[in-house]
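Q: Provided herewith: data_11.cif, mmCIF, C-alpha atoms.
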data_target
#
loop_
_atom_site.group_PDB
_atom_site.id
_atom_site.type_symbol
_atom_site.label_atom_id
_atom_site.label_comp_id
_atom_site.auth_asym_id
_atom_site.auth_seq_id
_atom_site.Cartn_x
_atom_site.Cartn_y
_atom_site.Cartn_z
ATOM 1 C CA MET A 246 2.518 -48.471 40.785
ATOM 2 C CA ASN A 247 3.054 -45.142 42.429
ATOM 3 C CA ALA A 248 0.260 -43.164 40.747
ATOM 4 C CA VAL A 249 -0.343 -39.586 41.795
ATOM 5 C CA PHE A 250 -3.573 -38.959 43.660
ATOM 6 C CA GLU A 251 -5.361 -35.998 45.148
ATOM 7 C CA THR A 252 -7.709 -35.820 48.137
ATOM 8 C CA LYS A 253 -10.742 -33.567 47.651
ATOM 9 C CA THR A 254 -14.086 -32.872 49.332
ATOM 10 C CA ILE A 255 -17.650 -31.971 48.515
ATOM 11 C CA VAL A 256 -20.311 -30.771 50.944
ATOM 12 C CA HIS A 257 -23.364 -32.989 51.338
ATOM 13 C CA ASP A 258 -26.043 -32.850 54.050
ATOM 14 C CA GLY A 259 -24.069 -30.164 55.874
ATOM 15 C CA PHE A 260 -20.733 -31.971 56.237
ATOM 16 C CA ASN A 261 -17.714 -32.776 54.068
ATOM 17 C CA LEU A 262 -17.490 -35.983 52.089
ATOM 18 C CA SER A 263 -13.882 -36.754 51.234
ATOM 19 C CA PHE A 264 -12.721 -38.619 48.164
ATOM 20 C CA VAL A 265 -9.417 -39.585 46.616
ATOM 21 C CA GLU A 266 -8.878 -39.167 42.897
ATOM 22 C CA TRP A 267 -6.340 -40.681 40.484
ATOM 23 C CA GLY A 268 -5.884 -40.469 36.728
ATOM 24 C CA ASP A 269 -6.851 -38.132 33.918
ATOM 25 C CA LEU A 270 -10.111 -36.179 34.270
ATOM 26 C CA LYS A 271 -10.858 -36.895 30.596
ATOM 27 C CA SER A 272 -10.664 -40.681 30.989
ATOM 28 C CA PRO A 273 -13.693 -42.895 31.696
ATOM 29 C CA THR A 274 -14.536 -42.822 35.407
ATOM 30 C CA ILE A 275 -14.589 -45.603 37.968
ATOM 31 C CA VAL A 276 -16.071 -44.851 41.409
ATOM 32 C CA LEU A 277 -14.975 -47.135 44.255
ATOM 33 C CA MET A 278 -16.992 -47.656 47.454
ATOM 34 C CA HIS A 279 -15.501 -49.347 50.515
ATOM 35 C CA GLY A 280 -17.224 -51.527 53.113
ATOM 36 C CA LEU A 281 -18.341 -50.772 56.673
ATOM 37 C CA GLN A 282 -14.997 -51.054 58.441
ATOM 38 C CA ASP A 283 -12.866 -49.494 55.737
ATOM 39 C CA CYS A 284 -12.070 -46.243 53.956
ATOM 40 C CA ALA A 285 -11.308 -44.875 50.500
ATOM 41 C CA ARG A 286 -7.571 -45.437 50.869
ATOM 42 C CA SER A 287 -8.136 -49.197 51.038
ATOM 43 C CA TRP A 288 -8.444 -48.976 47.261
ATOM 44 C CA ASP A 289 -4.979 -47.407 46.737
ATOM 45 C CA THR A 290 -3.342 -50.387 45.017
ATOM 46 C CA LEU A 291 -6.259 -51.072 42.685
ATOM 47 C CA ALA A 292 -6.773 -47.388 41.929
ATOM 48 C CA ALA A 293 -3.091 -46.868 41.103
ATOM 49 C CA SER A 294 -3.179 -49.824 38.713
ATOM 50 C CA LEU A 295 -6.258 -48.451 36.917
ATOM 51 C CA ALA A 296 -5.183 -44.798 36.817
ATOM 52 C CA GLY A 297 -3.399 -45.161 33.465
ATOM 53 C CA GLU A 298 -6.693 -45.882 31.704
ATOM 54 C CA TYR A 299 -9.345 -44.444 34.021
ATOM 55 C CA ARG A 300 -10.179 -41.523 36.240
ATOM 56 C CA VAL A 301 -10.550 -43.343 39.555
ATOM 57 C CA ILE A 302 -12.467 -41.876 42.486
ATOM 58 C CA ALA A 303 -12.683 -43.574 45.885
ATOM 59 C CA LEU A 304 -15.248 -42.068 48.257
ATOM 60 C CA ASP A 305 -14.922 -42.078 52.041
ATOM 61 C CA SER A 306 -18.442 -42.835 53.249
ATOM 62 C CA ARG A 307 -19.867 -40.542 55.906
ATOM 63 C CA GLY A 308 -18.193 -41.164 59.235
ATOM 64 C CA HIS A 309 -15.296 -43.023 57.581
ATOM 65 C CA GLY A 310 -11.758 -41.979 56.685
ATOM 66 C CA ASP A 311 -11.507 -38.238 56.114
ATOM 67 C CA SER A 312 -15.240 -37.649 55.612
ATOM 68 C CA GLY A 313 -17.204 -35.741 58.185
ATOM 69 C CA ARG A 314 -19.676 -37.083 60.679
ATOM 70 C CA PRO A 315 -23.318 -36.050 60.342
ATOM 71 C CA ILE A 316 -24.437 -34.033 63.357
ATOM 72 C CA ASP A 317 -27.830 -35.754 63.401
ATOM 73 C CA GLY A 318 -26.282 -39.245 63.413
ATOM 74 C CA ALA A 319 -27.720 -40.041 59.977
ATOM 75 C CA TYR A 320 -25.917 -43.308 59.237
ATOM 76 C CA GLY A 321 -28.771 -45.201 57.628
ATOM 77 C CA PHE A 322 -28.642 -47.176 54.417
ATOM 78 C CA GLU A 323 -30.467 -44.476 52.440
ATOM 79 C CA GLU A 324 -27.997 -41.827 53.584
ATOM 80 C CA TYR A 325 -25.027 -43.885 52.387
ATOM 81 C CA VAL A 326 -26.716 -44.357 48.998
ATOM 82 C CA SER A 327 -27.391 -40.604 48.837
ATOM 83 C CA ASP A 328 -23.659 -39.943 49.282
ATOM 84 C CA ILE A 329 -23.000 -41.697 45.966
ATOM 85 C CA GLY A 330 -25.622 -39.604 44.211
ATOM 86 C CA ALA A 331 -24.196 -36.415 45.707
ATOM 87 C CA LEU A 332 -20.692 -37.303 44.507
ATOM 88 C CA LEU A 333 -21.826 -38.118 40.979
ATOM 89 C CA ASP A 334 -24.014 -35.004 40.764
ATOM 90 C CA ARG A 335 -21.461 -32.547 42.195
ATOM 91 C CA LEU A 336 -18.665 -33.840 39.955
ATOM 92 C CA ASN A 337 -20.975 -34.101 36.918
ATOM 93 C CA LEU A 338 -19.937 -37.716 36.397
ATOM 94 C CA ASN A 339 -21.652 -39.260 33.402
ATOM 95 C CA ASN A 340 -21.959 -43.023 33.176
ATOM 96 C CA PRO A 341 -19.242 -44.053 35.614
ATOM 97 C CA ILE A 342 -18.428 -47.639 36.401
ATOM 98 C CA LEU A 343 -19.437 -48.227 40.030
ATOM 99 C CA VAL A 344 -17.444 -50.719 42.103
ATOM 100 C CA GLY A 345 -18.433 -51.573 45.656
ATOM 101 C CA HIS A 346 -17.047 -53.925 48.260
ATOM 102 C CA SER A 347 -19.181 -55.432 51.036
ATOM 103 C CA ALA A 348 -21.590 -52.755 52.324
ATOM 104 C CA GLY A 349 -20.254 -50.463 49.585
ATOM 105 C CA GLY A 350 -21.476 -53.103 47.142
ATOM 106 C CA ARG A 351 -24.968 -52.807 48.542
ATOM 107 C CA TYR A 352 -24.849 -49.009 48.231
ATOM 108 C CA VAL A 353 -23.658 -48.982 44.601
ATOM 109 C CA TYR A 354 -26.067 -51.786 43.675
ATOM 110 C CA THR A 355 -28.986 -49.815 45.094
ATOM 111 C CA TYR A 356 -27.876 -46.572 43.469
ATOM 112 C CA ALA A 357 -27.471 -48.295 40.084
ATOM 113 C CA ALA A 358 -30.833 -50.057 40.363
ATOM 114 C CA ARG A 359 -32.532 -46.714 41.001
ATOM 115 C CA ASN A 360 -30.503 -44.784 38.410
ATOM 116 C CA PRO A 361 -29.598 -47.191 35.589
ATOM 117 C CA HIS A 362 -29.411 -44.338 33.079
ATOM 118 C CA LYS A 363 -26.576 -42.742 35.128
ATOM 119 C CA VAL A 364 -24.322 -45.821 35.410
ATOM 120 C CA ARG A 365 -22.186 -47.426 32.695
ATOM 121 C CA ALA A 366 -21.451 -50.659 34.581
ATOM 122 C CA LEU A 367 -21.595 -52.156 38.054
ATOM 123 C CA VAL A 368 -19.114 -54.386 39.886
ATOM 124 C CA VAL A 369 -20.117 -55.778 43.273
ATOM 125 C CA VAL A 370 -17.502 -57.551 45.388
ATOM 126 C CA ASP A 371 -18.260 -59.783 48.353
ATOM 127 C CA ILE A 372 -21.791 -59.039 49.489
ATOM 128 C CA ASP A 373 -24.269 -61.362 51.064
ATOM 129 C CA PRO A 374 -27.322 -61.521 48.794
ATOM 130 C CA ASP A 375 -29.598 -62.380 51.717
ATOM 131 C CA SER A 376 -30.586 -59.236 53.609
ATOM 132 C CA THR A 377 -32.014 -61.328 56.445
ATOM 133 C CA ASN A 378 -28.868 -63.338 57.090
ATOM 134 C CA VAL A 379 -28.559 -63.672 60.885
ATOM 135 C CA SER A 380 -24.754 -63.450 60.829
ATOM 136 C CA SER A 381 -24.786 -60.273 58.756
ATOM 137 C CA ALA A 382 -27.482 -58.661 60.889
ATOM 138 C CA SER A 383 -25.534 -59.292 64.090
ATOM 139 C CA MET A 384 -22.543 -57.413 62.649
ATOM 140 C CA PHE A 385 -24.443 -54.133 62.980
ATOM 141 C CA ASP A 386 -25.236 -54.873 66.630
ATOM 142 C CA ARG A 387 -21.531 -55.560 67.240
ATOM 143 C CA TYR A 388 -20.460 -52.355 65.489
ATOM 144 C CA LEU A 389 -22.820 -50.301 67.617
ATOM 145 C CA SER A 390 -21.766 -51.922 70.890
ATOM 146 C CA GLU A 391 -17.984 -52.005 70.340
ATOM 147 C CA SER A 392 -15.886 -49.117 71.548
ATOM 148 C CA ASP A 393 -14.025 -46.996 69.023
ATOM 149 C CA GLU A 394 -11.107 -46.695 71.416
ATOM 150 C CA TRP A 395 -8.453 -49.119 72.610
ATOM 151 C CA SER A 396 -8.285 -49.620 76.371
ATOM 152 C CA SER A 397 -4.523 -49.016 76.277
ATOM 153 C CA ARG A 398 -1.551 -48.702 73.967
ATOM 154 C CA THR A 399 -0.330 -52.054 75.243
ATOM 155 C CA ILE A 400 -3.035 -53.834 73.262
ATOM 156 C CA ILE A 401 -1.923 -52.083 70.083
ATOM 157 C CA SER A 402 1.722 -52.987 70.720
ATOM 158 C CA LYS A 403 0.796 -56.638 71.159
ATOM 159 C CA LEU A 404 -1.207 -56.657 67.940
ATOM 160 C CA VAL A 405 1.588 -55.028 65.963
ATOM 161 C CA THR A 406 4.306 -57.371 67.249
ATOM 162 C CA THR A 407 2.233 -60.536 66.951
#
Would you mind writing the file's structure down as structure tokens?

A:
Amino acid sequence: MNAVFETKTIVHDGFNLSFVEWGDLKSPTIVLMHGLQDCARSWDTLAASLAGEYRVIALDSRGHGDSGRPIDGAYGFEEYVSDIGALLDRLNLNNPILVGHSAGGRYVYTYAARNPHKVRALVVVDIDPDSTNVSSASMFDRYLSESDEWSSRTIISKLVTT
């Protein structure tokens, strides 16, 4: 499963949104959305396996993977949902199948609920249906308080060799 892919970008809200694309442009389209601690390339294996029958597009959410970071720090739920709309509009995608994992599932679910006439089907993987779940809510606090940097390379070496 070594399908050919291409990395592309669109501009949305003043920064680049990156996406990876596999398959024939004339085939039905599947759009893949990753979760909070992931990126578009996490879909590589699935996308490669679908590329024979579908045009597969995996979006890097703002601030993830190769996508840009909004200058104004706009990382709210509505902004993530707007990224999906921008992608579909800019690429003139008609009736794609939307697939989302974790937080990406919430984004595609919300987009599809608001735009049912623009979506062929929806697949949501591994989301908590309860928006007030204490465990889920505390994840956001952890993400905001954790450093994005390792304290040393030694930690990385230990993780890799363990």

Q: How many Å separate CA of His346 (chain A) from CA of Leu332 (chain A)?

A: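 Distance between the two atoms: 17.4 Å.
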
Q: Compile the contact shell of Ala303 (chain A) as a list in words: residues with an atom at most 10 Å away, counting all atoms listed in the file, same-chain residues fewer than 4 positions apart removed.

A: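 Counting all atoms listed in the file, the residues come to Thr252, Ser263, Phe264, Val265, Glu266, Trp267, Ile275, Val276, Leu277, Met278, His279, Cys284, Ala285, Arg286, Ser287, Trp288, Asp289, Ala292, Val344 and Gly345 of chain A.
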
Q: Please enumerate the residues selected by the PyMOL selection byres ((chain A and resi 315-321) around 12) when evaluated against the supplied file, formatted as a list in words.

A: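 Written out, the selection comes to Val256, His257, Asp258, Gly259, Phe260, Asn261, Leu262, Leu281, Ser306, Arg307, Gly308, His309, Ser312, Gly313, Arg314, Phe322, Glu323, Glu324, Tyr325, Val326, Ser327, Asp328, Ala348, Tyr352, Phe385 and Leu389 of chain A.
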
Q: Save out the residues we just selected, C-alpha atoms, as a tab-separated table (two decimals), in the frame of the given file.

A:
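Ended up saving to again13.tsv:
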chain	number	residue	atom	x	y	z
A	256	VAL	CA	-20.31	-30.77	50.94
A	257	HIS	CA	-23.36	-32.99	51.34
A	258	ASP	CA	-26.04	-32.85	54.05
A	259	GLY	CA	-24.07	-30.16	55.87
A	260	PHE	CA	-20.73	-31.97	56.24
A	261	ASN	CA	-17.71	-32.78	54.07
A	262	LEU	CA	-17.49	-35.98	52.09
A	281	LEU	CA	-18.34	-50.77	56.67
A	306	SER	CA	-18.44	-42.84	53.25
A	307	ARG	CA	-19.87	-40.54	55.91
A	308	GLY	CA	-18.19	-41.16	59.24
A	309	HIS	CA	-15.30	-43.02	57.58
A	312	SER	CA	-15.24	-37.65	55.61
A	313	GLY	CA	-17.20	-35.74	58.18
A	314	ARG	CA	-19.68	-37.08	60.68
A	322	PHE	CA	-28.64	-47.18	54.42
A	323	GLU	CA	-30.47	-44.48	52.44
A	324	GLU	CA	-28.00	-41.83	53.58
A	325	TYR	CA	-25.03	-43.88	52.39
A	326	VAL	CA	-26.72	-44.36	49.00
A	327	SER	CA	-27.39	-40.60	48.84
A	328	ASP	CA	-23.66	-39.94	49.28
A	348	ALA	CA	-21.59	-52.76	52.32
A	352	TYR	CA	-24.85	-49.01	48.23
A	385	PHE	CA	-24.44	-54.13	62.98
A	389	LEU	CA	-22.82	-50.30	67.62

Q: Skip Ala358 (chain A) itself and residues of its chain fewer than 6 positions away, then list as a count of residues only all residues within 12 Å of it, counting all atoms listed in the file.

A: 9

Q: Please indicate the distance in Å from CA of Thr355 (chain A) to CA of Val301 (chain A), rounded to one decimal place.

A: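 These two atoms are separated by 20.3 Å.
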
Q: Any idea what the distance is between CA of Glu298 (chain A) and CA of Pro273 (chain A)?

A: 7.6 Å

Q: With distances taken over all atoms listed in the file, which of A:Ile342, A:Leu304, A:Leu270, A:Ala296 is nearest to His362 (chain A)?

A: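 The closest residue to His362 (chain A) is A:Ile342.
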
Q: Taking all atoms of region 282-298 of chain A that the file lists, what box with edges along x, y and z, padded by 4 Å per side, do you get, with centre and edge lengths in Å to one decimal, as JSON?

A:
{"center_x": -9.0, "center_y": -47.9, "center_z": 45.1, "size_x": 19.9, "size_y": 14.3, "size_z": 34.7}
